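**Q** Data file final-v9.cif (mmCIF, C-alpha atoms) is appended below.
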```
data_protein
loop_
_atom_site.label_atom_id
_atom_site.label_comp_id
_atom_site.auth_asym_id
_atom_site.auth_seq_id
_atom_site.Cartn_x
_atom_site.Cartn_y
_atom_site.Cartn_z
CA MET A 65 2.08 12.03 33.66
CA SER A 66 2.27 11.30 37.41
CA SER A 67 0.03 10.74 40.39
CA GLY A 68 0.06 10.38 44.14
CA ARG A 69 -2.31 10.18 47.08
CA LEU A 70 -3.50 13.76 46.54
CA HIS A 71 -2.74 14.68 42.93
CA ALA A 72 -2.70 13.53 39.32
CA THR A 73 -0.86 15.37 36.53
CA PHE A 74 -2.06 15.32 32.93
CA GLU A 75 -0.47 16.53 29.72
CA PHE A 76 -3.00 18.59 27.75
CA GLY A 77 -1.24 19.51 24.55
CA ASP A 78 1.25 22.21 25.48
CA LEU A 79 -0.35 22.66 28.91
CA ARG A 80 -0.04 20.72 32.14
CA VAL A 81 -3.19 20.14 34.20
CA ILE A 82 -2.84 19.01 37.80
CA SER A 83 -5.85 17.68 39.69
CA LEU A 84 -5.57 18.45 43.40
CA ARG A 85 -7.57 16.51 45.98
CA ASP A 86 -8.85 18.69 48.82
CA GLY A 87 -10.71 15.75 50.40
CA TYR A 88 -14.36 14.72 50.58
CA ILE A 89 -17.68 15.51 52.22
CA ASP A 90 -20.56 13.18 53.07
CA MET A 91 -24.09 14.39 52.37
CA PRO A 92 -27.50 12.75 52.83
CA PRO A 93 -29.25 11.51 49.65
CA THR A 94 -32.19 13.80 50.53
CA ARG A 95 -30.13 16.67 49.06
CA LEU A 96 -31.07 15.39 45.58
CA ARG A 97 -34.17 16.93 44.01
CA ASP A 98 -36.55 16.04 41.19
CA GLU A 99 -37.92 18.56 38.69
CA ASP A 100 -40.60 19.64 41.19
CA GLY A 101 -37.96 20.42 43.80
CA CYS A 102 -38.91 17.41 45.95
CA ALA A 103 -36.47 14.89 47.40
CA LEU A 104 -36.08 11.83 45.19
CA ASP A 105 -38.43 9.00 46.14
CA GLN A 106 -35.84 6.35 45.44
CA LEU A 107 -32.13 6.42 44.79
CA PRO A 108 -30.94 4.12 41.95
CA ALA A 109 -28.93 1.12 43.09
CA ALA A 110 -26.01 2.29 40.92
CA VAL A 111 -25.42 5.28 43.22
CA PRO A 112 -22.91 4.28 45.93
CA LEU A 113 -23.50 5.20 49.57
CA VAL A 114 -21.06 5.29 52.47
CA GLY A 115 -22.79 4.84 55.80
CA GLY A 116 -26.05 5.85 54.13
CA ASN A 117 -24.57 9.08 52.74
CA LEU A 118 -23.38 10.33 49.36
CA ARG A 119 -19.61 10.82 49.38
CA LEU A 120 -18.65 13.85 47.30
CA ALA A 121 -15.06 14.30 46.22
CA VAL A 122 -13.70 17.86 46.40
CA ASN A 123 -11.11 18.76 43.76
CA ALA A 124 -9.25 21.84 42.57
CA PHE A 125 -7.19 22.20 39.39
CA PHE A 126 -3.89 23.88 38.61
CA VAL A 127 -3.12 24.64 34.95
CA THR A 128 0.20 25.94 33.62
CA ASP A 129 2.02 26.49 30.34
CA GLY A 130 5.35 26.50 32.17
CA THR A 131 5.40 30.26 32.51
CA ARG A 132 1.91 31.36 33.51
CA SER A 133 -0.55 29.45 35.61
CA VAL A 134 -4.01 29.56 37.14
CA LEU A 135 -5.38 27.69 40.15
CA ILE A 136 -9.09 26.95 39.77
CA ASP A 137 -10.76 26.70 43.20
CA THR A 138 -8.93 26.42 46.50
CA GLY A 139 -10.72 23.90 48.71
CA ALA A 140 -12.05 24.39 52.22
CA SER A 141 -8.96 25.16 54.35
CA ASP A 142 -10.09 24.67 57.97
CA VAL A 143 -13.52 26.24 57.47
CA TRP A 144 -15.68 23.23 56.66
CA HIS A 145 -15.75 19.48 57.32
CA GLU A 146 -12.42 18.94 59.01
CA PRO A 147 -10.60 16.57 59.05
CA THR A 148 -11.74 15.13 55.71
CA MET A 149 -11.03 18.34 53.79
CA GLY A 150 -8.45 21.11 53.58
CA LEU A 151 -5.78 18.94 51.95
CA ILE A 152 -5.05 21.21 49.00
CA TYR A 153 -1.84 22.60 50.50
CA ASP A 154 -0.45 19.07 50.92
CA ALA A 155 -1.68 18.26 47.40
CA LEU A 156 0.20 21.24 45.95
CA ASP A 157 3.36 20.18 47.81
CA GLU A 158 2.98 16.60 46.59
CA ALA A 159 2.58 17.83 43.00
CA GLY A 160 5.63 20.10 43.26
CA VAL A 161 3.70 23.37 42.95
CA ASP A 162 5.19 26.28 44.89
CA ARG A 163 2.34 28.29 46.44
CA ALA A 164 4.51 31.41 46.31
CA ARG A 165 4.36 31.26 42.49
CA VAL A 166 0.55 31.32 42.27
CA THR A 167 -0.50 34.75 41.01
CA ASP A 168 -3.96 33.98 39.55
CA VAL A 169 -6.80 32.09 41.21
CA ALA A 170 -10.13 31.48 39.49
CA ILE A 171 -13.10 30.63 41.73
CA THR A 172 -16.08 28.70 40.36
CA HIS A 173 -18.41 30.04 43.06
CA ARG A 174 -18.66 31.42 46.57
CA HIS A 175 -19.25 28.26 48.66
CA GLU A 176 -16.84 27.31 51.43
CA ASP A 177 -15.34 24.23 49.77
CA HIS A 178 -14.24 26.28 46.76
CA VAL A 179 -13.10 29.67 48.05
CA SER A 180 -11.99 29.20 51.67
CA GLY A 181 -8.53 27.88 50.79
CA LEU A 182 -7.41 31.38 49.86
CA ILE A 183 -6.71 31.76 53.59
CA ALA A 184 -4.57 29.13 55.32
CA PRO A 185 -5.59 27.63 58.70
CA ASP A 186 -3.13 29.94 60.52
CA GLY A 187 -4.95 32.99 59.09
CA SER A 188 -2.26 33.95 56.59
CA GLU A 189 -2.80 34.32 52.86
CA ALA A 190 -2.24 30.89 51.33
CA PHE A 191 -0.78 32.40 48.14
CA PRO A 192 1.53 35.25 49.18
CA GLU A 193 2.16 36.54 45.63
CA LEU A 194 -1.51 36.49 44.64
CA GLU A 195 -2.36 39.26 42.14
CA ARG A 196 -5.88 38.44 40.89
CA VAL A 197 -8.89 36.40 42.02
CA TRP A 198 -11.47 35.84 39.30
CA ILE A 199 -15.04 35.13 40.44
CA GLY A 200 -18.54 35.62 39.07
CA ALA A 201 -19.82 39.11 39.84
CA GLY A 202 -22.89 37.66 41.56
CA ASP A 203 -20.66 35.90 44.10
CA ALA A 204 -18.06 38.62 44.70
CA SER A 205 -19.74 39.70 47.93
CA VAL A 206 -18.16 36.67 49.65
CA PHE A 207 -14.97 38.67 50.17
CA THR A 208 -15.77 39.94 53.65
CA GLY A 209 -14.73 38.81 57.11
CA ARG A 210 -12.07 36.13 56.85
CA LEU A 211 -11.62 36.81 53.12
CA GLU A 212 -11.59 40.61 53.42
CA PRO A 213 -7.77 40.92 52.99
CA ILE A 214 -8.08 39.66 49.40
CA ARG A 215 -10.95 41.90 48.37
CA ASP A 216 -8.73 44.44 46.58
CA ARG A 217 -7.53 41.76 44.14
CA VAL A 218 -10.96 40.48 43.12
CA VAL A 219 -11.84 40.64 39.41
CA PRO A 220 -15.65 40.23 39.04
CA VAL A 221 -16.75 38.27 35.97
CA SER A 222 -20.09 39.31 34.42
CA GLU A 223 -19.58 38.02 30.87
CA GLU A 224 -17.27 35.71 28.96
CA VAL A 225 -13.74 37.04 29.42
CA ALA A 226 -10.24 35.75 28.74
CA ILE A 227 -8.16 35.50 31.89
CA ASN A 228 -5.05 34.49 29.95
CA ASP A 229 -4.20 33.29 26.43
CA TRP A 230 -5.69 29.84 27.04
CA THR A 231 -8.37 30.22 29.72
CA THR A 232 -11.78 31.88 29.40
CA ALA A 233 -14.27 32.51 32.20
CA ILE A 234 -17.84 31.60 31.20
CA PRO A 235 -20.78 32.58 33.46
CA ALA A 236 -23.04 29.60 34.22
CA PRO A 237 -25.38 30.85 36.98
CA GLY A 238 -27.92 28.70 38.75
CA HIS A 239 -26.15 26.94 41.57
CA THR A 240 -25.19 30.43 42.74
CA PRO A 241 -25.73 33.78 40.97
CA GLY A 242 -22.04 33.95 40.07
CA HIS A 243 -21.35 30.31 39.28
CA THR A 244 -18.63 30.31 36.59
CA VAL A 245 -17.03 27.68 34.37
CA TYR A 246 -13.46 28.03 33.08
CA GLU A 247 -12.65 26.78 29.58
CA VAL A 248 -9.01 25.80 29.09
CA ARG A 249 -7.83 25.44 25.48
CA GLY A 250 -4.77 23.35 24.75
CA GLY A 251 -3.37 21.22 21.96
CA ALA A 252 -5.57 18.32 23.09
CA GLY A 253 -8.81 20.31 22.80
CA HIS A 254 -11.07 22.04 25.31
CA LEU A 255 -11.22 21.35 29.05
CA LEU A 256 -14.25 22.76 30.92
CA VAL A 257 -13.48 23.17 34.62
CA TRP A 258 -16.68 23.43 36.63
CA GLY A 259 -17.63 23.68 40.28
CA ASP A 260 -21.10 22.48 41.31
CA THR A 261 -22.66 21.72 37.93
CA VAL A 262 -22.78 18.05 39.00
CA HIS A 263 -22.64 16.82 42.60
CA VAL A 264 -23.37 13.11 42.17
CA PRO A 265 -21.73 11.83 38.98
CA ALA A 266 -23.17 8.32 39.37
CA LEU A 267 -26.64 9.84 38.91
CA GLN A 268 -26.65 13.28 37.30
CA PHE A 269 -25.00 12.38 34.00
CA ASP A 270 -27.53 9.64 33.37
CA ARG A 271 -30.36 11.83 34.74
CA PRO A 272 -29.26 15.46 34.25
CA ASN A 273 -32.67 16.81 35.32
CA VAL A 274 -31.91 15.79 38.91
CA SER A 275 -30.82 18.87 40.84
CA TRP A 276 -29.35 19.64 44.27
CA GLU A 277 -31.03 21.13 47.32
CA PHE A 278 -28.46 23.93 47.53
CA ASP A 279 -28.86 25.05 43.93
CA GLY A 280 -30.00 28.62 44.46
CA ASP A 281 -32.16 28.48 41.35
CA GLN A 282 -32.79 24.82 40.52
CA SER A 283 -34.39 25.50 37.13
CA GLN A 284 -31.54 27.75 36.05
CA ALA A 285 -28.95 25.27 37.36
CA ARG A 286 -30.67 22.49 35.40
CA SER A 287 -30.55 24.57 32.21
CA ALA A 288 -26.89 25.43 32.74
CA ARG A 289 -26.05 21.75 33.27
CA ALA A 290 -27.92 20.76 30.08
CA ALA A 291 -26.04 23.35 28.02
CA LEU A 292 -22.65 22.37 29.41
CA LEU A 293 -23.26 18.65 28.91
CA GLU A 294 -24.26 19.25 25.31
CA ARG A 295 -21.10 21.28 24.82
CA LEU A 296 -18.97 18.56 26.41
CA SER A 297 -20.35 15.90 24.09
CA ARG A 298 -18.58 17.55 21.15
CA PRO A 299 -15.28 16.07 19.87
CA HIS A 300 -12.10 17.03 21.73
CA HIS A 301 -13.95 18.31 24.81
CA PHE A 302 -13.21 17.17 28.35
CA VAL A 303 -14.49 18.03 31.83
CA ALA A 304 -12.69 18.64 35.11
CA GLY A 305 -15.22 18.62 37.93
CA ALA A 306 -14.93 19.73 41.53
CA HIS A 307 -17.18 16.88 42.70
CA LEU A 308 -16.34 14.21 40.15
CA ASP A 309 -14.54 11.25 41.70
CA SER A 310 -10.88 12.27 42.10
CA PRO A 311 -8.93 13.05 39.98
CA GLY A 312 -12.12 14.24 38.30
CA ILE A 313 -11.08 14.58 34.65
CA ALA A 314 -13.20 12.75 32.09
CA ARG A 315 -14.89 12.56 28.70
CA VAL A 316 -18.65 12.95 28.31
CA THR A 317 -20.63 11.09 25.65
CA PRO A 318 -24.37 10.94 24.88
CA SER A 319 -26.07 7.83 26.29
CA GLY A 320 -29.83 7.21 26.06
CA ASP A 321 -31.67 10.23 27.44
CA GLY A 322 -28.57 11.38 29.28
CA TYR A 323 -24.81 11.08 29.16
CA ALA A 324 -22.04 8.69 30.12
CA LEU A 325 -18.81 9.60 31.89
CA GLU A 326 -15.45 8.08 30.99
CA HIS A 327 -12.71 8.86 33.52
CA LEU A 328 -9.25 9.40 32.05
CA ALA A 329 -7.31 8.07 35.04
CA PRO A 330 -7.81 5.66 37.94
CA PRO A 331 -9.07 7.02 41.27
CA ILE A 332 -6.76 8.75 43.73
CA GLY A 333 -7.21 9.13 47.45
#
```
Go through the file and emit its structure as structure tokens.

**A**
Amino acid sequence: MSSGRLHATFEFGDLRVISLRDGYIDMPPTRLRDEDGCALDQLPAAVPLVGGNLRLAVNAFFVTDGTRSVLIDTGASDVWHEPTMGLIYDALDEAGVDRARVTDVAITHRHEDHVSGLIAPDGSEAFPELERVWIGAGDASVFTGRLEPIRDRVVPVSEEVAINDWTTAIPAPGHTPGHTVYEVRGGAGHLLVWGDTVHVPALQFDRPNVSWEFDGDQSQARSARAALLERLSRPHHFVAGAHLDSPGIARVTPSGDGYALEHLAPPIG
């Protein structure tokens, strides 16, 4: 529907989905792991590098039916990898989303580039009317220290649960104990919003058995990824990924022994 340097807006049936670009992080290719947990011997030529590093986009997603809304992930604020990250507040402004109207935030997992944006760089709450923060029960312990002021609004997720009429939280542990996927159902089908199921889209769709050094349980993360990719290959299913190239919304189709990714919009950023 519209796009800018930091956002892209999609119509999803009767819902509106806004991809928000928090920025990017550069990571060494040695973070990638084979099925034995060892660093990959050789990186395929199809995987792009920037200065010898993998460049990972960092996205969040805002979904609304015009009355209710949910923000899925919040970026890094000023906690991690400045100045290339922490752009979500500018992205929300660019997209015309008033932070004071955000009442529900859903967090995919506890890592800094997903949860830290709940607190703005000046130390204030980024979403002053926040009522609920949904997060996997295994990751809820992150709400200490800097995030302590929000602890009383945390809703731990331990099983599939509806967070509104069109969004369901689905536990998908492996990357972290509380890693959670959010399924959004609209007139266009099903949109699965995930966090760190895939870090390197140029590799892990074609070779889904490749895992990531920071997957807390690599075998479990691999199984969760396999199940979600199979689910996404069904008709009328789409993915919105935190580390897919911005804006990060795509179709997934079977291809050989893996899958292929078809982005639904040109890159932003």

**Q** Please indicate the distance in Å from atom CA of A:Gly181 to atom CA of A:Arg119, rounded to one decimal place.

**A**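 Rounded to one decimal, the two atoms are 20.4 Å apart.
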
**Q** So how far away is atom CA of A:Tyr323 from atom CA of A:Val127, in Å?

**A**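 Going from atom CA of A:Val127 over to atom CA of A:Tyr323, I get 26.2 Å.
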
**Q** Selected by the PyMOL selection byres ((chain A and resi 293-310) around 8) in the shown coordinates: which residues, as a VMD selection string?

**A** chain A and resid 83 85 120 to 125 252 to 260 262 to 265 289 to 292 311 to 318 323 331 to 333

**Q** Using only C-alpha atoms, which protein or nucleic acid residues come within 7 Å of A:Gly238? Drop anything in the same chain fewer than 3 positions from it, and give the result as an mmCIF file with C-alpha atoms, in the coordinates of the input.

**A**
```cif
data_model
loop_
_atom_site.group_PDB
_atom_site.id
_atom_site.type_symbol
_atom_site.label_atom_id
_atom_site.label_comp_id
_atom_site.auth_asym_id
_atom_site.auth_seq_id
_atom_site.Cartn_x
_atom_site.Cartn_y
_atom_site.Cartn_z
ATOM 1 C CA PRO A 241 -25.730 33.780 40.970
ATOM 2 C CA HIS A 243 -21.350 30.310 39.280
ATOM 3 C CA ASP A 279 -28.860 25.050 43.930
ATOM 4 C CA GLY A 280 -30.000 28.620 44.460
ATOM 5 C CA ASP A 281 -32.160 28.480 41.350
ATOM 6 C CA GLN A 282 -32.790 24.820 40.520
ATOM 7 C CA GLN A 284 -31.540 27.750 36.050
ATOM 8 C CA ALA A 285 -28.950 25.270 37.360
ATOM 9 C CA ALA A 288 -26.890 25.430 32.740
#
```

**Q** What does the distance between atom CA of A:Asp321 and atom CA of A:Asp98 come to in Å, to one decimal place?

**A**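 Calculated distance between atom CA of A:Asp321 and atom CA of A:Asp98 is 15.7 Å.
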
**Q** Can you give me, as a ChimeraX atom specification, the residues this file yields under the PyMOL selection byres ((chain A and resi 126) around 12)?

**A** /A:71-74,79-85,123-125,127-130,132-138,152,155-156,159-163,165-171,231,246,248,257,304

**Q** Return the single residue from A:Asp78, A:Asp186, A:Glu277, A:Asp157 that is closest to A:Trp230, with distances computed using only C-alpha atoms.

**A**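 Closest to A:Trp230, using only C-alpha atoms: A:Asp78.
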
**Q** When you count all atoms listed in the file, which of these residues is closest to A:Arg196: A:Asn228, A:Asp177, A:Glu223, A:Thr208?

**A**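 Among A:Asn228, A:Asp177, A:Glu223, A:Thr208, it is A:Asn228 that comes nearest to A:Arg196.
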
**Q** Take the point (-36.2, 18.9, 39.1) in the file's coordinates, draw a sphere of radius 7 Å around it, and report as a JSON list (two decimals) with C-alpha atoms, in the coordinates of the input every protein, DNA or RNA residue with an atom inside or on it, counting only C-alpha atoms.

**A**
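Once written, point_23.json looks like this:
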```
[["chain", "number", "residue", "atom", "x", "y", "z"],
["A", 97, "ARG", "CA", -34.17, 16.93, 44.01],
["A", 98, "ASP", "CA", -36.55, 16.04, 41.19],
["A", 99, "GLU", "CA", -37.92, 18.56, 38.69],
["A", 100, "ASP", "CA", -40.60, 19.64, 41.19],
["A", 101, "GLY", "CA", -37.96, 20.42, 43.80],
["A", 273, "ASN", "CA", -32.67, 16.81, 35.32],
["A", 274, "VAL", "CA", -31.91, 15.79, 38.91],
["A", 275, "SER", "CA", -30.82, 18.87, 40.84],
["A", 282, "GLN", "CA", -32.79, 24.82, 40.52]]
```

**Q** The PyMOL selection byres ((chain A and resi 211) around 10) - which residues does that actually catch in the file I just gave you? List them as a ChimeraX atom specification.

**A** /A:179-183,187,189,206-210,212-215

**Q** Please, could you write that set of residues out with C-alpha atoms as a PDB file, in the coordinates of the input?

**A**
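Writing the result to again-v7.pdb gives the following:
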```pdb
ATOM      1  CA  VAL A 179     -13.100  29.670  48.050  1.00  0.00           C
ATOM      2  CA  SER A 180     -11.990  29.200  51.670  1.00  0.00           C
ATOM      3  CA  GLY A 181      -8.530  27.880  50.790  1.00  0.00           C
ATOM      4  CA  LEU A 182      -7.410  31.380  49.860  1.00  0.00           C
ATOM      5  CA  ILE A 183      -6.710  31.760  53.590  1.00  0.00           C
ATOM      6  CA  GLY A 187      -4.950  32.990  59.090  1.00  0.00           C
ATOM      7  CA  GLU A 189      -2.800  34.320  52.860  1.00  0.00           C
ATOM      8  CA  VAL A 206     -18.160  36.670  49.650  1.00  0.00           C
ATOM      9  CA  PHE A 207     -14.970  38.670  50.170  1.00  0.00           C
ATOM     10  CA  THR A 208     -15.770  39.940  53.650  1.00  0.00           C
ATOM     11  CA  GLY A 209     -14.730  38.810  57.110  1.00  0.00           C
ATOM     12  CA  ARG A 210     -12.070  36.130  56.850  1.00  0.00           C
ATOM     13  CA  GLU A 212     -11.590  40.610  53.420  1.00  0.00           C
ATOM     14  CA  PRO A 213      -7.770  40.920  52.990  1.00  0.00           C
ATOM     15  CA  ILE A 214      -8.080  39.660  49.400  1.00  0.00           C
ATOM     16  CA  ARG A 215     -10.950  41.900  48.370  1.00  0.00           C
TER      17      ARG A 215
END
```

**Q** Complete the atoms of stretch 92-105 of chain A to N, CA, C and O atoms and put them out as a short mmCIF file (atom, residue, chain, number, x, y, z; two decimals), in the coordinates of the input.

**A**
```cif
data_model
loop_
_atom_site.label_atom_id
_atom_site.label_comp_id
_atom_site.auth_asym_id
_atom_site.auth_seq_id
_atom_site.Cartn_x
_atom_site.Cartn_y
_atom_site.Cartn_z
N PRO A 92 -26.38 13.67 52.90
CA PRO A 92 -27.50 12.75 52.83
C PRO A 92 -28.12 12.74 51.43
O PRO A 92 -28.14 13.78 50.75
N PRO A 93 -28.63 11.58 50.98
CA PRO A 93 -29.25 11.51 49.65
C PRO A 93 -30.45 12.44 49.49
O PRO A 93 -30.84 12.76 48.36
N THR A 94 -31.03 12.90 50.60
CA THR A 94 -32.19 13.80 50.53
C THR A 94 -31.82 15.15 49.93
O THR A 94 -32.72 15.96 49.65
N ARG A 95 -30.53 15.42 49.73
CA ARG A 95 -30.13 16.67 49.06
C ARG A 95 -30.53 16.67 47.58
O ARG A 95 -30.63 17.73 46.96
N LEU A 96 -30.72 15.50 46.99
CA LEU A 96 -31.07 15.39 45.58
C LEU A 96 -32.53 15.74 45.37
O LEU A 96 -33.39 15.36 46.17
N ARG A 97 -32.82 16.44 44.27
CA ARG A 97 -34.17 16.93 44.01
C ARG A 97 -34.65 16.55 42.61
O ARG A 97 -33.88 16.53 41.66
N ASP A 98 -35.95 16.28 42.50
CA ASP A 98 -36.55 16.04 41.19
C ASP A 98 -36.94 17.37 40.56
O ASP A 98 -36.66 18.44 41.11
N GLU A 99 -37.61 17.32 39.40
CA GLU A 99 -37.92 18.56 38.69
C GLU A 99 -38.96 19.42 39.40
O GLU A 99 -39.12 20.60 39.07
N ASP A 100 -39.65 18.86 40.39
CA ASP A 100 -40.60 19.64 41.19
C ASP A 100 -39.96 20.20 42.45
O ASP A 100 -40.64 20.82 43.27
N GLY A 101 -38.66 19.94 42.62
CA GLY A 101 -37.96 20.42 43.80
C GLY A 101 -38.13 19.53 45.02
O GLY A 101 -37.73 19.92 46.12
N CYS A 102 -38.70 18.34 44.83
CA CYS A 102 -38.91 17.41 45.95
C CYS A 102 -37.75 16.42 46.03
O CYS A 102 -37.11 16.11 45.02
N ALA A 103 -37.50 15.91 47.24
CA ALA A 103 -36.47 14.89 47.40
C ALA A 103 -36.84 13.66 46.57
O ALA A 103 -38.02 13.31 46.44
N LEU A 104 -35.83 13.01 46.00
CA LEU A 104 -36.08 11.83 45.19
C LEU A 104 -36.74 10.74 46.01
O LEU A 104 -36.34 10.48 47.15
N ASP A 105 -37.75 10.08 45.43
CA ASP A 105 -38.43 9.00 46.14
C ASP A 105 -37.51 7.82 46.36
O ASP A 105 -37.54 7.18 47.41
#
```
